[in-house]
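J.: For reference, the file upload.txt (compact mmCIF, C-alpha atoms) is included below:
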# COMPACT_ATOMS: atom_id res chain seq x y z
CA MET A 271 0.00 0.00 0.00
CA SER A 272 1.32 3.43 -0.91
CA HIS A 273 -0.72 5.39 1.65
CA ARG A 274 -1.12 5.04 5.37
CA HIS A 275 -4.01 2.94 6.63
CA HIS A 276 -4.68 3.56 10.30
CA VAL A 277 -6.59 1.01 12.38
CA VAL A 278 -7.85 2.23 15.76
CA VAL A 279 -9.02 -0.34 18.32
CA LEU A 280 -11.20 1.03 21.12
CA GLY A 281 -10.96 -1.07 24.29
CA ALA A 282 -8.16 -3.32 25.56
CA GLY A 283 -10.25 -6.02 27.14
CA TYR A 284 -10.12 -9.65 26.03
CA THR A 285 -11.37 -8.94 22.49
CA GLY A 286 -9.69 -5.60 21.79
CA MET A 287 -6.32 -6.93 22.93
CA LEU A 288 -6.51 -10.02 20.73
CA THR A 289 -7.69 -8.01 17.73
CA ALA A 290 -4.73 -5.64 18.01
CA ILE A 291 -2.07 -8.31 18.63
CA ARG A 292 -3.31 -10.74 15.98
CA LEU A 293 -3.80 -8.01 13.39
CA ALA A 294 -0.28 -6.73 14.01
CA HIS A 295 1.05 -10.20 13.23
CA ARG A 296 -1.18 -10.61 10.16
CA ILE A 297 -0.16 -7.28 8.55
CA ARG A 298 3.49 -7.29 9.56
CA ARG A 299 4.54 -7.55 5.90
CA VAL A 300 1.97 -5.04 4.63
CA ALA A 301 3.49 -1.60 4.19
CA GLY A 302 1.63 1.48 5.33
CA VAL A 303 -0.68 -0.06 7.98
CA SER A 304 -0.52 1.11 11.60
CA ILE A 305 -2.52 0.10 14.67
CA THR A 306 -3.43 2.14 17.74
CA LEU A 307 -5.05 0.61 20.82
CA VAL A 308 -6.99 2.94 23.13
CA ASN A 309 -7.95 2.13 26.71
CA PRO A 310 -8.65 4.24 29.85
CA SER A 311 -6.41 2.12 32.10
CA GLY A 312 -2.88 0.89 31.62
CA ARG A 313 -3.81 -2.37 33.32
CA PHE A 314 -5.18 -5.38 31.49
CA VAL A 315 -8.14 -6.70 33.45
CA GLU A 316 -8.80 -10.45 33.60
CA ARG A 317 -12.56 -10.27 34.00
CA LEU A 318 -12.78 -14.05 34.28
CA ARG A 319 -11.02 -13.74 37.63
CA MET A 320 -12.80 -10.74 39.16
CA HIS A 321 -14.65 -12.92 41.65
CA GLN A 322 -11.27 -14.06 42.99
CA ILE A 323 -10.30 -10.46 43.76
CA ALA A 324 -13.66 -9.95 45.47
CA ALA A 325 -12.88 -12.91 47.73
CA GLY A 326 -9.59 -11.34 48.77
CA GLN A 327 -7.10 -13.03 46.45
CA GLU A 328 -4.22 -11.03 45.00
CA LEU A 329 -3.75 -11.47 41.27
CA ALA A 330 -0.82 -10.53 39.09
CA VAL A 331 -1.07 -7.04 37.57
CA ARG A 332 -0.71 -7.22 33.79
CA ALA A 333 0.40 -4.02 32.04
CA ILE A 334 -1.11 -3.47 28.60
CA ALA A 335 2.20 -2.08 27.35
CA ASP A 336 3.94 -5.32 28.35
CA LEU A 337 1.37 -7.46 26.52
CA LEU A 338 1.85 -5.36 23.39
CA ASP A 339 5.65 -5.44 23.58
CA GLY A 340 7.16 -6.40 20.23
CA THR A 341 3.95 -6.01 18.23
CA GLY A 342 4.44 -2.48 16.94
CA VAL A 343 0.98 -1.50 18.21
CA THR A 344 0.81 2.03 19.64
CA PHE A 345 -0.95 2.23 23.00
CA VAL A 346 -2.87 5.39 23.90
CA ARG A 347 -4.03 5.56 27.50
CA GLY A 348 -7.30 7.46 27.68
CA ALA A 349 -11.05 7.10 27.34
CA ALA A 350 -12.76 7.47 23.98
CA THR A 351 -15.28 10.26 24.60
CA SER A 352 -16.81 10.62 21.13
CA ILE A 353 -16.77 9.18 17.63
CA ASP A 354 -17.36 11.13 14.42
CA PRO A 355 -18.02 8.33 11.90
CA GLU A 356 -18.43 10.74 8.98
CA ALA A 357 -15.02 12.35 9.54
CA ARG A 358 -13.63 9.01 10.80
CA ARG A 359 -12.25 10.51 13.99
CA VAL A 360 -12.20 9.45 17.64
CA THR A 361 -11.80 11.95 20.46
CA VAL A 362 -9.87 10.69 23.48
CA ASP A 363 -10.36 12.32 26.89
CA GLY A 364 -12.24 15.16 25.23
CA ARG A 365 -9.18 16.66 23.60
CA ARG A 366 -6.95 14.27 21.62
CA ILE A 367 -8.12 13.46 18.07
CA LEU A 368 -7.29 10.15 16.40
CA GLY A 369 -8.15 9.72 12.74
CA TYR A 370 -8.88 6.24 11.46
CA ASP A 371 -9.45 4.36 8.23
CA THR A 372 -10.75 1.31 10.09
CA LEU A 373 -12.22 1.34 13.58
CA VAL A 374 -12.62 -1.70 15.83
CA TYR A 375 -15.23 -1.12 18.53
CA ALA A 376 -14.35 -3.38 21.46
CA LEU A 377 -15.61 -1.41 24.47
CA GLY A 378 -17.25 -4.44 26.04
CA SER A 379 -19.93 -4.33 28.70
CA ALA A 380 -20.35 -3.85 32.43
CA THR A 381 -22.81 -4.87 35.11
CA GLY A 382 -25.77 -2.48 35.01
CA THR A 383 -26.64 -0.68 38.23
CA GLY A 384 -29.27 1.85 37.20
CA LYS A 385 -32.48 -0.16 36.95
CA VAL A 386 -33.03 -1.25 40.57
CA PRO A 387 -33.25 1.39 43.31
CA GLY A 388 -30.38 1.38 45.78
CA VAL A 389 -27.91 -0.60 43.68
CA GLU A 390 -25.70 2.35 42.76
CA THR A 391 -25.63 3.53 46.38
CA HIS A 392 -25.57 0.36 48.45
CA ALA A 393 -24.11 -2.43 46.26
CA PHE A 394 -20.73 -3.34 44.83
CA THR A 395 -20.03 -4.79 41.38
CA LEU A 396 -17.18 -6.65 39.68
CA ASN A 397 -16.79 -3.93 37.06
CA SER A 398 -13.15 -3.16 37.93
CA PRO A 399 -10.32 -4.54 40.08
CA GLU A 400 -10.53 -1.41 42.23
CA ILE A 401 -14.22 -1.92 43.04
CA ALA A 402 -13.70 -5.64 43.63
CA GLY A 403 -10.78 -4.80 45.93
CA ARG A 404 -12.90 -2.41 48.00
CA PHE A 405 -15.57 -5.09 48.25
CA ALA A 406 -12.95 -7.60 49.46
CA ALA A 407 -11.88 -5.22 52.25
CA ARG A 408 -15.49 -4.91 53.41
CA VAL A 409 -16.02 -8.67 53.22
CA ASP A 410 -13.18 -9.18 55.69
CA GLU A 411 -14.95 -6.88 58.17
CA VAL A 412 -18.36 -8.50 57.64
CA ALA A 413 -16.97 -12.04 57.91
CA ALA A 414 -15.12 -11.19 61.14
CA ALA A 415 -18.44 -10.10 62.64
CA GLY A 416 -20.26 -13.23 61.42
CA GLY A 417 -22.33 -11.15 59.01
CA THR A 418 -24.15 -11.75 55.76
CA VAL A 419 -23.40 -11.11 52.09
CA THR A 420 -26.02 -11.21 49.38
CA VAL A 421 -24.96 -11.92 45.80
CA CYS A 422 -27.66 -10.69 43.41
CA GLY A 423 -27.70 -12.44 40.06
CA GLY A 424 -27.98 -16.20 39.59
CA GLY A 425 -25.97 -16.41 36.37
CA LEU A 426 -22.50 -17.88 36.06
CA THR A 427 -20.80 -14.78 37.50
CA GLY A 428 -23.06 -14.76 40.55
CA ILE A 429 -22.58 -18.49 41.12
CA GLU A 430 -18.80 -18.21 40.93
CA ALA A 431 -18.73 -15.18 43.22
CA ALA A 432 -20.98 -16.78 45.84
CA ALA A 433 -18.95 -19.99 45.90
CA GLU A 434 -15.64 -18.10 46.05
CA LEU A 435 -16.80 -15.94 48.95
CA ALA A 436 -18.21 -18.85 50.93
CA GLU A 437 -15.03 -20.89 50.51
CA ALA A 438 -12.70 -18.02 51.40
CA HIS A 439 -14.74 -16.97 54.45
CA PRO A 440 -16.26 -20.06 56.14
CA GLY A 441 -17.95 -17.96 58.85
CA LEU A 442 -19.69 -15.73 56.32
CA ARG A 443 -23.35 -16.28 55.52
CA VAL A 444 -23.75 -16.05 51.75
CA THR A 445 -27.10 -15.84 49.97
CA LEU A 446 -27.42 -16.10 46.19
CA VAL A 447 -30.50 -14.39 44.76
CA GLY A 448 -31.67 -14.78 41.17
CA SER A 449 -34.67 -14.86 38.90
CA ASP A 450 -33.59 -18.29 37.63
CA GLU A 451 -32.39 -21.40 39.41
CA PRO A 452 -28.57 -21.48 39.57
CA GLY A 453 -27.33 -23.67 36.73
CA ALA A 454 -30.66 -23.51 34.91
CA MET A 455 -28.85 -23.67 31.57
CA MET A 456 -27.08 -26.91 32.47
CA GLY A 457 -28.11 -30.52 32.17
CA ASP A 458 -29.72 -32.24 35.16
CA LYS A 459 -26.57 -33.99 36.44
CA ALA A 460 -24.27 -30.98 36.12
CA ARG A 461 -26.87 -28.76 37.80
CA ALA A 462 -27.32 -31.26 40.62
CA TYR A 463 -23.56 -31.31 41.16
CA LEU A 464 -23.48 -27.51 41.26
CA HIS A 465 -26.20 -27.42 43.92
CA ARG A 466 -24.44 -30.04 46.04
CA ALA A 467 -21.31 -27.91 45.92
CA LEU A 468 -23.24 -24.81 46.98
CA ASP A 469 -24.82 -26.83 49.82
CA ARG A 470 -21.38 -27.99 50.94
CA LEU A 471 -20.17 -24.39 50.96
CA GLY A 472 -23.24 -23.26 52.89
CA VAL A 473 -24.59 -20.92 50.18
CA THR A 474 -28.29 -20.20 50.65
CA ARG A 475 -30.30 -19.79 47.43
CA GLU A 476 -33.33 -17.62 46.72
CA SER A 477 -34.39 -18.58 43.21
CA GLY A 478 -37.23 -17.39 41.01
CA VAL A 479 -37.34 -13.99 42.69
CA ARG A 480 -36.55 -10.46 41.59
CA VAL A 481 -34.79 -7.82 43.68
CA ALA A 482 -36.96 -4.73 44.11
CA LYS A 483 -34.57 -2.57 46.14
CA VAL A 484 -31.17 -2.65 47.82
CA LEU A 485 -31.10 -1.04 51.26
CA PRO A 486 -28.13 -0.28 53.56
CA GLY A 487 -28.70 -3.45 55.60
CA ALA A 488 -31.09 -5.53 53.53
CA VAL A 489 -32.21 -6.63 50.08
CA GLU A 490 -35.92 -6.19 49.43
CA LEU A 491 -37.52 -8.75 47.11
CA ALA A 492 -40.39 -8.15 44.72
CA ASP A 493 -42.59 -10.61 46.64
CA GLY A 494 -42.42 -8.34 49.70
CA ARG A 495 -39.82 -10.27 51.68
CA SER A 496 -36.65 -8.68 52.97
CA ILE A 497 -33.28 -10.45 53.33
CA ARG A 498 -30.77 -9.19 55.86
CA SER A 499 -27.64 -8.13 54.00
CA ASP A 500 -24.61 -6.49 55.55
CA LEU A 501 -23.00 -6.35 52.13
CA CYS A 502 -24.43 -6.69 48.61
CA LEU A 503 -22.60 -7.80 45.47
CA TRP A 504 -24.57 -7.00 42.30
CA THR A 505 -23.91 -9.24 39.25
CA ALA A 506 -27.29 -8.99 37.49
CA GLY A 507 -27.90 -7.16 34.22
CA VAL A 508 -25.60 -5.78 31.55
CA THR A 509 -24.99 -2.30 30.20
CA VAL A 510 -22.79 -1.04 27.36
CA SER A 511 -21.21 2.29 26.50
CA PRO A 512 -23.55 4.80 24.80
CA LEU A 513 -20.69 5.94 22.57
CA ALA A 514 -21.84 4.12 19.42
CA ALA A 515 -25.48 5.14 19.71
CA ASP A 516 -24.52 8.75 20.48
CA ALA A 517 -22.40 8.79 17.31
CA GLY A 518 -25.30 7.72 15.11
CA ILE A 519 -23.93 4.23 14.51
CA ALA A 520 -26.76 1.73 14.11
CA THR A 521 -27.37 -0.10 17.39
CA ASP A 522 -30.00 -2.38 18.88
CA PRO A 523 -32.23 -1.17 21.77
CA HIS A 524 -29.49 -2.13 24.24
CA GLY A 525 -26.77 -0.09 22.51
CA LEU A 526 -24.94 -2.98 20.83
CA ILE A 527 -23.67 -2.26 17.33
CA LEU A 528 -25.74 -4.02 14.67
CA THR A 529 -23.40 -6.07 12.51
CA ASP A 530 -23.55 -7.78 9.14
CA ALA A 531 -22.28 -11.29 8.40
CA THR A 532 -18.67 -10.05 8.52
CA LEU A 533 -19.06 -8.30 11.91
CA ARG A 534 -19.05 -4.84 10.33
CA SER A 535 -21.50 -2.10 11.23
CA VAL A 536 -24.60 -2.19 9.02
CA SER A 537 -24.53 1.62 8.90
CA HIS A 538 -20.76 2.26 8.77
CA PRO A 539 -18.88 -0.70 7.24
CA GLU A 540 -15.47 0.75 8.12
CA ILE A 541 -16.40 0.04 11.76
CA HIS A 542 -15.98 -3.53 13.02
CA ALA A 543 -17.62 -4.55 16.32
CA VAL A 544 -16.39 -7.43 18.49
CA GLY A 545 -17.25 -9.10 21.78
CA ASP A 546 -19.91 -7.78 24.15
CA ALA A 547 -20.27 -4.53 22.17
CA ALA A 548 -21.57 -6.29 19.05
CA ALA A 549 -25.03 -7.64 18.25
CA VAL A 550 -23.91 -10.81 16.46
CA ARG A 551 -26.74 -13.04 15.36
CA MET A 552 -26.39 -16.66 14.34
CA ASP A 553 -29.18 -18.86 13.02
CA PHE A 554 -29.66 -20.23 16.55
CA GLY A 555 -29.92 -16.75 18.11
CA GLN A 556 -27.85 -13.78 19.20
CA LEU A 557 -24.51 -14.47 20.85
CA HIS A 558 -24.36 -13.56 24.50
CA GLY A 559 -21.44 -11.70 26.02
CA SER A 560 -18.71 -14.14 27.01
CA CYS A 561 -15.03 -14.76 26.46
CA GLN A 562 -15.99 -18.00 24.68
CA SER A 563 -17.66 -16.13 21.84
CA GLY A 564 -15.74 -12.86 22.19
CA LEU A 565 -12.26 -14.16 21.36
CA PRO A 566 -13.43 -15.80 18.10
CA THR A 567 -15.03 -12.50 17.02
CA ALA A 568 -11.67 -10.81 17.69
CA GLN A 569 -9.72 -13.46 15.79
CA TYR A 570 -12.13 -13.28 12.87
CA THR A 571 -12.07 -9.47 12.78
CA ALA A 572 -8.27 -9.28 12.82
CA ASP A 573 -8.14 -11.74 9.93
CA THR A 574 -10.92 -9.89 8.09
CA ILE A 575 -9.17 -6.51 8.33
CA ALA A 576 -5.90 -8.10 7.18
CA ARG A 577 -7.68 -9.50 4.12
CA LEU A 578 -9.52 -6.26 3.37
CA VAL A 579 -6.37 -4.11 3.40
CA ARG A 580 -4.91 -6.58 0.89
CA GLY A 581 -8.01 -6.30 -1.29
CA LYS A 582 -9.13 -9.88 -0.65
CA ALA A 583 -12.64 -11.24 -0.14
CA VAL A 584 -13.85 -12.40 3.27
CA LYS A 585 -16.19 -15.16 4.36
CA PRO A 586 -19.06 -14.78 6.86
CA PHE A 587 -18.39 -15.33 10.55
CA ARG A 588 -19.37 -18.75 11.89
CA PHE A 589 -19.38 -19.78 15.52
CA GLY A 590 -20.77 -22.47 17.79
CA TYR A 591 -20.65 -22.76 21.59
CA PHE A 592 -18.80 -25.65 23.18
CA HIS A 593 -19.02 -25.50 26.99
CA GLN A 594 -20.26 -23.81 30.16
CA PRO A 595 -17.34 -23.74 32.63
CA VAL A 596 -18.11 -22.73 36.23
CA SER A 597 -15.66 -22.50 39.12
CA LEU A 598 -16.99 -23.40 42.57
CA GLY A 599 -14.22 -21.94 44.66
CA ARG A 600 -10.56 -22.86 44.18
CA LYS A 601 -11.03 -26.59 44.81
CA ASP A 602 -14.11 -27.48 42.78
CA ALA A 603 -15.76 -26.76 39.45
CA VAL A 604 -18.28 -28.12 36.97
CA ILE A 605 -17.97 -28.04 33.19
CA GLN A 606 -21.11 -28.60 31.13
CA PHE A 607 -20.38 -29.30 27.48
CA THR A 608 -22.89 -28.01 24.96
CA ARG A 609 -24.16 -28.05 21.43
CA ALA A 610 -23.41 -25.11 19.15
CA ASP A 611 -26.58 -23.35 20.32
CA PHE A 612 -25.49 -23.54 24.01
CA THR A 613 -27.95 -26.31 24.96
CA PRO A 614 -26.37 -28.99 27.17
CA VAL A 615 -25.22 -32.45 26.11
CA ARG A 616 -24.57 -35.43 28.38
CA MET A 617 -20.82 -34.86 28.68
CA ARG A 618 -19.57 -32.98 31.75
CA LEU A 619 -16.56 -32.67 34.03
CA THR A 620 -16.56 -32.25 37.80
CA GLY A 621 -14.10 -32.09 40.67
CA ARG A 622 -10.35 -31.89 40.13
CA ARG A 623 -10.51 -32.43 36.37
CA ALA A 624 -13.01 -29.59 36.12
CA VAL A 625 -10.78 -27.32 38.26
CA TRP A 626 -7.87 -27.98 35.90
CA TYR A 627 -10.07 -27.37 32.86
CA LYS A 628 -11.51 -24.13 34.25
CA GLU A 629 -8.05 -22.81 35.09
CA LEU A 630 -6.94 -23.61 31.55
CA VAL A 631 -9.93 -21.66 30.20
CA SER A 632 -9.30 -18.66 32.49
CA GLY A 633 -5.63 -18.52 31.56
CA SER A 634 -6.09 -19.12 27.84
CA PRO A 635 -6.44 -15.44 26.77
CA LEU A 636 -2.98 -14.52 28.07
CA MET A 637 -1.49 -17.59 26.42
CA THR A 638 -3.27 -16.69 23.20
CA TYR A 639 -1.83 -13.16 23.22
CA ARG A 640 1.68 -14.46 23.79
CA TYR A 641 1.61 -16.96 20.93
CA SER A 642 -0.39 -14.71 18.58
CA LYS A 643 2.60 -12.39 18.32
CA ARG A 644 4.32 -15.00 16.15
CA MET A 645 1.69 -17.45 14.90
CA ASN A 646 -1.96 -17.58 13.87
CA LEU A 647 -3.32 -19.46 16.88
CA THR A 648 -7.03 -20.27 16.66
CA THR A 649 -9.56 -19.51 19.39
CA PHE A 650 -12.40 -21.42 17.72
CA VAL A 651 -13.40 -24.73 19.22
CA SER A 652 -16.63 -25.07 17.23
CA LYS A 653 -17.80 -23.52 13.97
CA ARG A 654 -20.90 -25.65 13.79
CA GLY A 655 -23.11 -22.55 13.79
CA HIS A 656 -24.43 -21.38 10.43
CA ALA A 657 -23.36 -18.04 8.99
CA THR A 658 -24.56 -14.91 10.70
CA VAL A 659 -27.87 -13.53 9.55
CA LYS A 660 -27.98 -9.80 8.86
CA PRO A 661 -30.17 -8.31 11.63
CA ALA A 662 -32.92 -5.86 10.90
CA ALA A 663 -31.86 -2.30 11.63
How does the structure come out when it is put into structure tokens?
T.:
Amino acid sequence: MSHRHHVVVLGAGYTGMLTAIRLAHRIRRVAGVSITLVNPSGRFVERLRMHQIAAGQELAVRAIADLLDGTGVTFVRGAATSIDPEARRVTVDGRRILGYDTLVYALGSATGTGKVPGVETHAFTLNSPEIAGRFAARVDEVAAAGGTVTVCGGGLTGIEAAAELAEAHPGLRVTLVGSDEPGAMMGDKARAYLHRALDRLGVTRESGVRVAKVLPGAVELADGRSIRSDLCLWTAGVTVSPLAADAGIATDPHGLILTDATLRSVSHPEIHAVGDAAAVRMDFGQLHGSCQSGLPTAQYTADTIARLVRGKAVKPFRFGYFHQPVSLGRKDAVIQFTRADFTPVRMRLTGRRAVWYKELVSGSPLMTYRYSKRMNLTTFVSKRGHATVKPAA
């Protein structure tokens, strides 16, 4: 290429980081292409391990600059505050302007706190290591006094957090509250194992209920009951950055960028969306936010951009789910294997083998980044899903 082609990646989470590193390797022999990665923090956050921080464990701090070392990717520390898709410009921290030819939108998602009264004031989330660390400090105080912690949200994050807290603090009374039964997406045997583990850890469950309000010392349920709660951890609901919608980029009602079969914006094809920030629809339904589906979208997008800058055609994105891995503290876990559409099959792992498997899954992104600097390592386990279907705008 005779002119410069600038790729800007917004967000250095699991998907943004892989997109930048893999793309750098794929275009290393293409002249005139540069990559800039933008992120508010200089720390790479392992979101798969946030519940461990909440339980008081100290994790290694990974610097984004270190992960990018040797790739040639430029790192800009700052928050993207606006996008001008017509001028193809991103404003960082309200003052620095970055022009782009191709934009990768990888801003991810966070736990939503605005829909239930009291959550923003009286509950903690796992949205950052700093918040999880402050929660851990409070847990120590509550556990020492023989108090109670309520984990709101019966999905995989809530289950892992409740189990981790109960194991780390045996004197703590932990209650898991959710609208669905914990492990509802699993097969009967895997779900039964999960519940036995929660029983062993002493985790009380309140299933099939909705939280109406979070108070300073209690959680009020929609059925009128109130649960004593010295400390509340909120893991229910998801929110995304309003940046795309504010810029006039086509989004769904939740703010996710609507994508075509090649994970490009249906309104602005020079914008690629990956991970939790993208509305990616397969024939079996829309992908839900997870590392399992996010890393393949990043791999695919890096490869797609590399082909496009060379003037080559691209094939539609295909993906199928493979498993539902759940840690149950540091000494137990359950892995439910699935069909491409995330429905369970008979195969499962439990106990020590499941602990090993879950640790392999949690550590796989960092391994993938390391090897992707010099080889095209795949993150796909299953491509049994049919091609994406273009969603209605």
J.: In terms of the shortest atom-to-atom distance over only C-alpha atoms, which of A:Val447, A:Leu337, A:Leu501, A:Cys561 is closest to Ala413 of chain A?
T.: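 The answer is A:Leu501, which sits nearest to Ala413 of chain A.
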J.: Check the smallest atom-to-atom distance from each of A:Leu307, A:Val508, A:Leu426, A:Val278 to Lys385 of chain A using all atoms listed in the file, then report the winner.
T.: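 Among the listed residues, the smallest separation from Lys385 of chain A belongs to A:Val508.
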J.: For Leu565 of chain A, which residue among A:Gly428, A:Gly403, A:Gly378, A:Gly448 is the nearest when counting only C-alpha atoms?
T.: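 The closest residue to Leu565 of chain A is A:Gly378.
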J.: Grab the atom CA of Ala543 of chain A to atom CA of Ala610 of chain A distance for me, in Å with one decimal place.
T.: 21.5 Å
J.: I'd like to know which of A:Ser496, A:Leu526, A:Ala572, A:Leu396 is closest to Gln322 of chain A, using all atoms listed in the file.
T.: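 Closest residue, counting all atoms listed in the file: A:Leu396.
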J.: Determine, counting only C-alpha atoms, which protein, DNA and RNA residues have an atom within 10 Å of an atom of Glu476 of chain A; residues of the same chain fewer than 5 positions away are not included. Present the result as an MDAnalysis selection string.
T.: chainID A and resid 422 424 445:452 491 497
J.: Just the number, please: distance in Å from atom CA of Val343 of chain A to atom CA of Arg299 of chain A, one decimal.
T.: 14.2 Å
J.: Please report the interatomic distance between atom CA of Tyr591 of chain A and atom CA of Leu468 of chain A in Å with one decimal.
T.: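 Computing it gives 25.6 Å between the two atoms.
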J.: For a quick check of understanding, using only C-alpha atoms, which of A:Thr505, A:Thr571, A:Gln556, A:Gln606 has the smallest distance to Glu430 of chain A?
T.: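 Distance minimum relative to Glu430 of chain A lands on A:Thr505.
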J.: Return the single residue from A:Gly621, A:Pro387, A:Gly283, A:Gly340 that is closest to Lys483 of chain A, with distances computed using all atoms listed in the file.
T.: A:Pro387
J.: Kindly provide, as AutoDock Vina command-line options, the centre and edge lengths (Å, one decimal) of an axis-aligned box around all atoms of segment 353-366 of chain A given in the file, with 6 Å on each side.
T.:
--center_x -12.7 --center_y 12.5 --center_z 17.9 --size_x 23.5 --size_y 20.3 --size_z 29.9
J.: With a distance cut-off of 9 Å and only C-alpha atoms, select the neighbouring residues of Phe314 of chain A, excluding the residue or stretch itself and same-chain residues fewer than 2 positions from it, and output the selection as a ChimeraX atom specification.
T.: /A:282-284,287,311-312,316,331-334,337
J.: Once you have the residues from the selection above, write them out as a compact mmCIF listing (two decimals), in the frame of the given file, restricted to C-alpha atoms.
T.:
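Wrote again-v4.txt, looks like this:
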# COMPACT_ATOMS: atom_id res chain seq x y z
CA ALA A 282 -8.16 -3.32 25.56
CA GLY A 283 -10.25 -6.02 27.14
CA TYR A 284 -10.12 -9.65 26.03
CA MET A 287 -6.32 -6.93 22.93
CA SER A 311 -6.41 2.12 32.10
CA GLY A 312 -2.88 0.89 31.62
CA GLU A 316 -8.80 -10.45 33.60
CA VAL A 331 -1.07 -7.04 37.57
CA ARG A 332 -0.71 -7.22 33.79
CA ALA A 333 0.40 -4.02 32.04
CA ILE A 334 -1.11 -3.47 28.60
CA LEU A 337 1.37 -7.46 26.52
J.: Starting from the point (-18.9, -18.0, 59.5), work out which residues of protein, DNA or RNA have an atom no more than 8 Å away when counting all atoms listed in the file; state them as a VMD selection string.
T.: chain A and resid 413 to 414 416 to 417 439 to 443
J.: Restrict the selected residues to C-alpha atoms and save them as a PDB file, in the frame of the given file.
T.:
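To be explicit, this is the file written out as result-v4.pdb:
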ATOM      1  CA  ALA A 413     -16.970 -12.040  57.910  1.00  0.00           C
ATOM      2  CA  ALA A 414     -15.120 -11.190  61.140  1.00  0.00           C
ATOM      3  CA  GLY A 416     -20.260 -13.230  61.420  1.00  0.00           C
ATOM      4  CA  GLY A 417     -22.330 -11.150  59.010  1.00  0.00           C
ATOM      5  CA  HIS A 439     -14.740 -16.970  54.450  1.00  0.00           C
ATOM      6  CA  PRO A 440     -16.260 -20.060  56.140  1.00  0.00           C
ATOM      7  CA  GLY A 441     -17.950 -17.960  58.850  1.00  0.00           C
ATOM      8  CA  LEU A 442     -19.690 -15.730  56.320  1.00  0.00           C
ATOM      9  CA  ARG A 443     -23.350 -16.280  55.520  1.00  0.00           C
TER      10      ARG A 443
END
J.: Set the distance at 10 Å and use all atoms listed in the file: which residues neighbour Ala514 of chain A once local chain neighbours fewer than 4 positions away are removed? I'd like the list as a ChimeraX atom specification.
T.: /A:352-355,375,377,510,518-521,525-527,547
